[in-house]
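Taking it in order: structure first as structure tokens, then the write-up.
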Amino acid sequence: MPGDRVATTDARLAEVLCAQRLADLSKQHAKNQERAIHGLLPQARLAKVVEEYLIARAKAGVVTDERIEAGQAYLTRAIEFFGPRADLAQITTRDVRKWVENLKTRDNRRGERLSGRTVRYYLNALSHLYRWARSEGYVPQGYSPVSDLTEKPRVEDPEKIWLEVPEAALFLEAAKTYRPGKDYAAITFAYPLVATLLLTGGRRSEVLGLEVSDVSFDRKTITFRPNDWRRLKTKRSHRTIRLWPQLEEILRTYTFGASAPPGRLLFPSPSSLVTGEARLYDIRALMDAVTARAGELYLMEGTQRRRAERGDLRTKMFRHTYASARLQTLDEGRPVSVYTVSKELGHSDTAMIERVYGHLGEIRHRADVVEYRAEQYVKQLGRRLVELHARERIEAGSRSPRH
């Protein structure tokens, strides 16, 4: 019965259940002995191996906590499909193929089917688990049902998307006028956060892990370095870049104003007020809210210009936007070096810039600094900027006290 601490109070039934359990254990022990006699490996239960694998990965300290959490989410789906007691050595390529077919029927958070790229992430997580299991002796050397899969989900490499400088200025202006709800978990620093993403080209984890001390108004620099909140992707990711004048203005007002961060983190989680200082991880809802506020917003995708939709604007796009804008700036009167831009983005060489970012930018705006100031693009933004400010005035009026 619910709430009972024992399975049964009937002595005879308890004896039967105990005998069945002993028989199951004896049978399993006999199987293990037989496998040992024939030089076979003992059974490795999927759930148990996944737990050990994740702990080992965390102890190794090679990858970030976010990647470990992502791997845990992918492997949890595998446990749900194959079963927690599934023997790792008995999962076949055919089983994995059925899992792929099952994943293709699943929906993502936007109610759409999982893309081929996302399904590949699941497969990669399982493949890495088998690699570790082989090193630990849980499965025979060379055994990997994922690697033997002949037809893996196709991954289309989509065109990189980014904002031209006027569109980035409109988005930043929308973040400036954004007012969160009264929910205790609402993010109140959308403007300085979006500005930091757009004006540093930093990765999401890098920006969300910044500490107040990483910003130097005296030296006019901002530093990405490993700390207690997060690691960096590579050794080259540890870097100090210029604090552009627009970002300096925004962050100076933020860090010395009434809404200044209370602790070490520059952009702490709103829950820090309740649970103690904690890092912010997910800002997708904020990006969607600011996108909606910006109204008619356009993206560049390859050589095409299209209207932004919900879910389009993510932090990786800001990195592309910064690279595009930075490549068009001047350095002592000359076009900035690709090497300089690659260092600012934390890359080890210029190959990534030349292959991914070098073709970006249709609107030329040669300048000495990277900036996204809406007042400079009134002609390009026109009606959209007027509508945004009109909405801000209406909302400000509705918030003012009534007499």
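Chain labels A, B, ... are given in the sequence in which chains occur in the structure tokens; within each chain residues are numbered consecutively from 1, and ligands are likewise numbered from 1 in the order shown.
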Can you list, as number ranges by chain, every protein, DNA or RNA residue that comes within 10 Å of Ser272 (chain A) when you count only C-alpha atoms, leaving out same-chain residues fewer than 6 positions away?
A: 185, 262-263, 278-280
Report as JSON lines the residues of region 310-336 of chain A within 12 Å of region 103-116 of chain A, each with its shortest atom pair and distance in Å (one decimal), using only C-alpha atoms, ordered by chain and increasing residue number.
{"residue": "A:Arg310", "atom": "CA", "partner": "A:Arg110", "partner_atom": "CA", "distance": 9.2}
{"residue": "A:Gly311", "atom": "CA", "partner": "A:Arg110", "partner_atom": "CA", "distance": 8.0}
{"residue": "A:Asp312", "atom": "CA", "partner": "A:Arg110", "partner_atom": "CA", "distance": 11.3}
Could you save those same residues with N, CA and C atoms as a short mmCIF file (atom, residue, chain, number, x, y, z; two decimals), in the first residue's frame?
data_model
loop_
_atom_site.label_atom_id
_atom_site.label_comp_id
_atom_site.auth_asym_id
_atom_site.auth_seq_id
_atom_site.Cartn_x
_atom_site.Cartn_y
_atom_site.Cartn_z
N ARG A 310 10.92 34.15 -33.96
CA ARG A 310 11.18 33.72 -32.57
C ARG A 310 12.17 32.55 -32.59
N GLY A 311 13.17 32.66 -31.75
CA GLY A 311 14.17 31.60 -31.66
C GLY A 311 15.37 31.82 -32.56
N ASP A 312 15.33 32.84 -33.43
CA ASP A 312 16.45 33.09 -34.34
C ASP A 312 17.65 33.70 -33.63
#
Might you pull out every residue within 12 Å of Lys343 (chain A), with only C-alpha atoms counted and same-chain residues fewer than 4 positions away left off, and present them as a JSON list (two decimals) with N, CA and C atoms, in the first residue's frame?
[["chain", "number", "residue", "atom", "x", "y", "z"],
["A", 200, "THR", "N", 31.79, 42.70, -27.47],
["A", 200, "THR", "CA", 33.01, 41.94, -27.16],
["A", 200, "THR", "C", 33.17, 40.73, -28.08],
["A", 201, "GLY", "N", 32.07, 40.21, -28.63],
["A", 201, "GLY", "CA", 32.15, 38.99, -29.41],
["A", 201, "GLY", "C", 32.41, 37.78, -28.54],
["A", 202, "GLY", "N", 32.22, 37.91, -27.24],
["A", 202, "GLY", "CA", 32.47, 36.81, -26.32],
["A", 202, "GLY", "C", 31.45, 35.70, -26.46],
["A", 224, "PHE", "N", 38.68, 38.11, -20.40],
["A", 224, "PHE", "CA", 38.05, 36.79, -20.28],
["A", 224, "PHE", "C", 39.09, 35.85, -19.71],
["A", 235, "LYS", "N", 43.05, 27.50, -24.36],
["A", 235, "LYS", "CA", 44.03, 28.38, -23.73],
["A", 235, "LYS", "C", 44.01, 29.76, -24.37],
["A", 236, "ARG", "N", 43.77, 29.81, -25.69],
["A", 236, "ARG", "CA", 43.72, 31.08, -26.40],
["A", 236, "ARG", "C", 42.52, 31.93, -25.98],
["A", 237, "SER", "N", 41.54, 31.28, -25.34],
["A", 237, "SER", "CA", 40.34, 32.01, -24.93],
["A", 237, "SER", "C", 40.63, 32.99, -23.80],
["A", 238, "HIS", "N", 41.74, 32.76, -23.08],
["A", 238, "HIS", "CA", 42.14, 33.70, -22.03],
["A", 238, "HIS", "C", 42.75, 34.92, -22.74],
["A", 239, "ARG", "N", 42.03, 36.03, -22.70],
["A", 239, "ARG", "CA", 42.45, 37.19, -23.48],
["A", 239, "ARG", "C", 41.93, 38.48, -22.87],
["A", 240, "THR", "N", 42.58, 39.56, -23.20],
["A", 240, "THR", "CA", 42.15, 40.89, -22.79],
["A", 240, "THR", "C", 41.91, 41.72, -24.05],
["A", 241, "ILE", "N", 40.73, 42.29, -24.15],
["A", 241, "ILE", "CA", 40.38, 43.06, -25.34],
["A", 241, "ILE", "C", 40.00, 44.49, -24.94],
["A", 242, "ARG", "N", 39.86, 45.30, -25.94],
["A", 242, "ARG", "CA", 39.55, 46.70, -25.72],
["A", 242, "ARG", "C", 38.11, 46.89, -25.24],
["A", 323, "ALA", "N", 32.16, 40.12, -35.14],
["A", 323, "ALA", "CA", 33.23, 39.88, -36.10],
["A", 323, "ALA", "C", 33.01, 40.65, -37.38],
["A", 326, "ARG", "N", 33.64, 44.32, -36.60],
["A", 326, "ARG", "CA", 35.06, 44.58, -36.28],
["A", 326, "ARG", "C", 35.92, 44.51, -37.54],
["A", 336, "VAL", "N", 41.55, 46.88, -40.16],
["A", 336, "VAL", "CA", 42.06, 46.06, -39.07],
["A", 336, "VAL", "C", 42.57, 44.71, -39.58],
["A", 337, "SER", "N", 43.59, 44.19, -38.96],
["A", 337, "SER", "CA", 44.16, 42.90, -39.34],
["A", 337, "SER", "C", 43.23, 41.76, -38.94],
["A", 338, "VAL", "N", 43.14, 40.77, -39.81],
["A", 338, "VAL", "CA", 42.34, 39.58, -39.49],
["A", 338, "VAL", "C", 42.92, 38.89, -38.26],
["A", 339, "TYR", "N", 44.23, 38.94, -38.12],
["A", 339, "TYR", "CA", 44.89, 38.33, -36.95],
["A", 339, "TYR", "C", 44.42, 38.99, -35.66],
["A", 347, "HIS", "N", 40.56, 32.87, -30.93],
["A", 347, "HIS", "CA", 40.96, 31.80, -31.84],
["A", 347, "HIS", "C", 42.48, 31.69, -31.90],
["A", 348, "SER", "N", 42.95, 30.50, -32.19],
["A", 348, "SER", "CA", 44.40, 30.26, -32.23],
["A", 348, "SER", "C", 45.04, 30.72, -33.54],
["A", 349, "ASP", "N", 44.24, 30.85, -34.61],
["A", 349, "ASP", "CA", 44.77, 31.33, -35.88],
["A", 349, "ASP", "C", 43.65, 32.05, -36.63],
["A", 350, "THR", "N", 43.95, 32.46, -37.86],
["A", 350, "THR", "CA", 42.99, 33.25, -38.62],
["A", 350, "THR", "C", 42.06, 32.41, -39.48],
["A", 351, "ALA", "N", 42.25, 31.09, -39.48],
["A", 351, "ALA", "CA", 41.49, 30.22, -40.38],
["A", 351, "ALA", "C", 39.99, 30.34, -40.16],
["A", 352, "MET", "N", 39.56, 30.34, -38.88],
["A", 352, "MET", "CA", 38.13, 30.42, -38.59],
["A", 352, "MET", "C", 37.54, 31.75, -39.06],
["A", 353, "ILE", "N", 38.28, 32.83, -38.86],
["A", 353, "ILE", "CA", 37.80, 34.14, -39.29],
["A", 353, "ILE", "C", 37.65, 34.17, -40.81]]
Run DSSP on the backbone of this structure and report the residues of region 125-241 of chain A it assigns to strand (DSSP E or B), as a PyMOL selection string.
chain A and resi 161-162+211+215-216+221-224+239-241
How about saving the chosen residues, N, CA and C atoms kept, as an mmCIF file, in the first residue's frame?
data_model
loop_
_atom_site.group_PDB
_atom_site.id
_atom_site.type_symbol
_atom_site.label_atom_id
_atom_site.label_comp_id
_atom_site.auth_asym_id
_atom_site.auth_seq_id
_atom_site.Cartn_x
_atom_site.Cartn_y
_atom_site.Cartn_z
ATOM 1 N N ILE A 161 24.173 33.331 -39.575
ATOM 2 C CA ILE A 161 23.300 34.498 -39.539
ATOM 3 C C ILE A 161 23.880 35.548 -38.595
ATOM 4 N N TRP A 162 23.638 36.788 -38.918
ATOM 5 C CA TRP A 162 24.142 37.869 -38.110
ATOM 6 C C TRP A 162 23.303 39.113 -38.365
ATOM 7 N N GLU A 211 33.325 38.467 -14.168
ATOM 8 C CA GLU A 211 33.236 39.068 -12.846
ATOM 9 C C GLU A 211 33.391 40.582 -12.984
ATOM 10 N N VAL A 215 36.339 43.844 -15.645
ATOM 11 C CA VAL A 215 36.146 45.086 -16.400
ATOM 12 C C VAL A 215 36.992 46.172 -15.752
ATOM 13 N N SER A 216 37.930 46.728 -16.509
ATOM 14 C CA SER A 216 38.800 47.787 -15.991
ATOM 15 C C SER A 216 38.485 49.092 -16.712
ATOM 16 N N THR A 221 39.781 48.071 -20.561
ATOM 17 C CA THR A 221 39.890 46.702 -21.069
ATOM 18 C C THR A 221 38.839 45.825 -20.415
ATOM 19 N N ILE A 222 38.594 44.698 -21.046
ATOM 20 C CA ILE A 222 37.732 43.663 -20.471
ATOM 21 C C ILE A 222 38.435 42.329 -20.689
ATOM 22 N N THR A 223 38.521 41.526 -19.653
ATOM 23 C CA THR A 223 39.331 40.307 -19.690
ATOM 24 C C THR A 223 38.469 39.064 -19.521
ATOM 25 N N PHE A 224 38.677 38.109 -20.404
ATOM 26 C CA PHE A 224 38.052 36.791 -20.278
ATOM 27 C C PHE A 224 39.094 35.848 -19.714
ATOM 28 N N ARG A 239 42.031 36.033 -22.705
ATOM 29 C CA ARG A 239 42.451 37.188 -23.480
ATOM 30 C C ARG A 239 41.925 38.482 -22.867
ATOM 31 N N THR A 240 42.583 39.562 -23.201
ATOM 32 C CA THR A 240 42.151 40.894 -22.789
ATOM 33 C C THR A 240 41.906 41.717 -24.045
ATOM 34 N N ILE A 241 40.729 42.294 -24.147
ATOM 35 C CA ILE A 241 40.380 43.064 -25.339
ATOM 36 C C ILE A 241 39.995 44.486 -24.943
#
Would you mind reading off the distance between CA of Tyr372 (chain A) and CA of Arg293 (chain A), one decimal, in Å?
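These two atoms are separated by 17.3 Å.
Across A:Leu197, A:Ala125, A:Ala133, A:Ala56, the tightest approach to Gln43 (chain A) is made by A:Ala133 when counting only C-alpha atoms.
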Residues at most 7 Å from Asp368 (chain A), counting only C-alpha atoms, excluding those fewer than 3 positions away in the same chain, as a ChimeraX atom specification?
/A:329-331
Using N, CA and C atoms, can you export the residues from the last selection as a PDB file, in the first residue's frame?
ATOM      1  N   THR A 329      36.314  47.863 -39.215  1.00  0.00           N
ATOM      2  CA  THR A 329      36.870  49.014 -38.510  1.00  0.00           C
ATOM      3  C   THR A 329      38.292  49.306 -38.987  1.00  0.00           C
ATOM      4  N   LEU A 330      38.781  50.448 -38.569  1.00  0.00           N
ATOM      5  CA  LEU A 330      40.129  50.885 -38.935  1.00  0.00           C
ATOM      6  C   LEU A 330      41.050  50.790 -37.730  1.00  0.00           C
ATOM      7  N   ASP A 331      42.298  50.507 -38.000  1.00  0.00           N
ATOM      8  CA  ASP A 331      43.324  50.443 -36.965  1.00  0.00           C
ATOM      9  C   ASP A 331      44.446  51.398 -37.390  1.00  0.00           C
TER      10      ASP A 331
END
Spatial neighbours of Asp218 (chain A), max dist 12 Å, only C-alpha atoms, sep filter under 5 positions, as a list in words:
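Result of the neighbour search: Ser213, Arg242, Leu243, Glu248 and Arg252 of chain A.
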Go ahead and write the residues just picked, N, CA and C atoms, as a PDB file, in the first residue's frame.
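The resulting file, selection_8.pdb, is shown below:
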ATOM      1  N   SER A 213      35.380  42.476 -11.541  1.00  0.00           N
ATOM      2  CA  SER A 213      36.807  42.828 -11.601  1.00  0.00           C
ATOM      3  C   SER A 213      37.424  42.593 -12.972  1.00  0.00           C
ATOM      4  N   ARG A 242      39.860  45.302 -25.940  1.00  0.00           N
ATOM      5  CA  ARG A 242      39.554  46.705 -25.723  1.00  0.00           C
ATOM      6  C   ARG A 242      38.112  46.886 -25.245  1.00  0.00           C
ATOM      7  N   LEU A 243      37.938  47.780 -24.289  1.00  0.00           N
ATOM      8  CA  LEU A 243      36.603  48.158 -23.825  1.00  0.00           C
ATOM      9  C   LEU A 243      36.149  49.328 -24.691  1.00  0.00           C
ATOM     10  N   GLU A 248      31.799  50.947 -22.520  1.00  0.00           N
ATOM     11  CA  GLU A 248      32.269  51.582 -21.289  1.00  0.00           C
ATOM     12  C   GLU A 248      31.168  52.442 -20.676  1.00  0.00           C
ATOM     13  N   ARG A 252      29.636  51.320 -17.135  1.00  0.00           N
ATOM     14  CA  ARG A 252      29.912  52.255 -16.032  1.00  0.00           C
ATOM     15  C   ARG A 252      28.597  52.641 -15.333  1.00  0.00           C
TER      16      ARG A 252
END
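Shortest atom-to-atom contact with Leu88 (chain A) among A:Ser398, A:Gln20, A:Thr76, A:Ser144: A:Ser144, counting only C-alpha atoms.
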Could you go through region 31-238 of chain A and tell me which residues DSSP, when run on the backbone, assigns to alpha helix (DSSP H), listing them as a PyMOL selection string?
chain A and resi 31-37+46-60+65-82+93-103+116-135+165-177+190-200+204-208
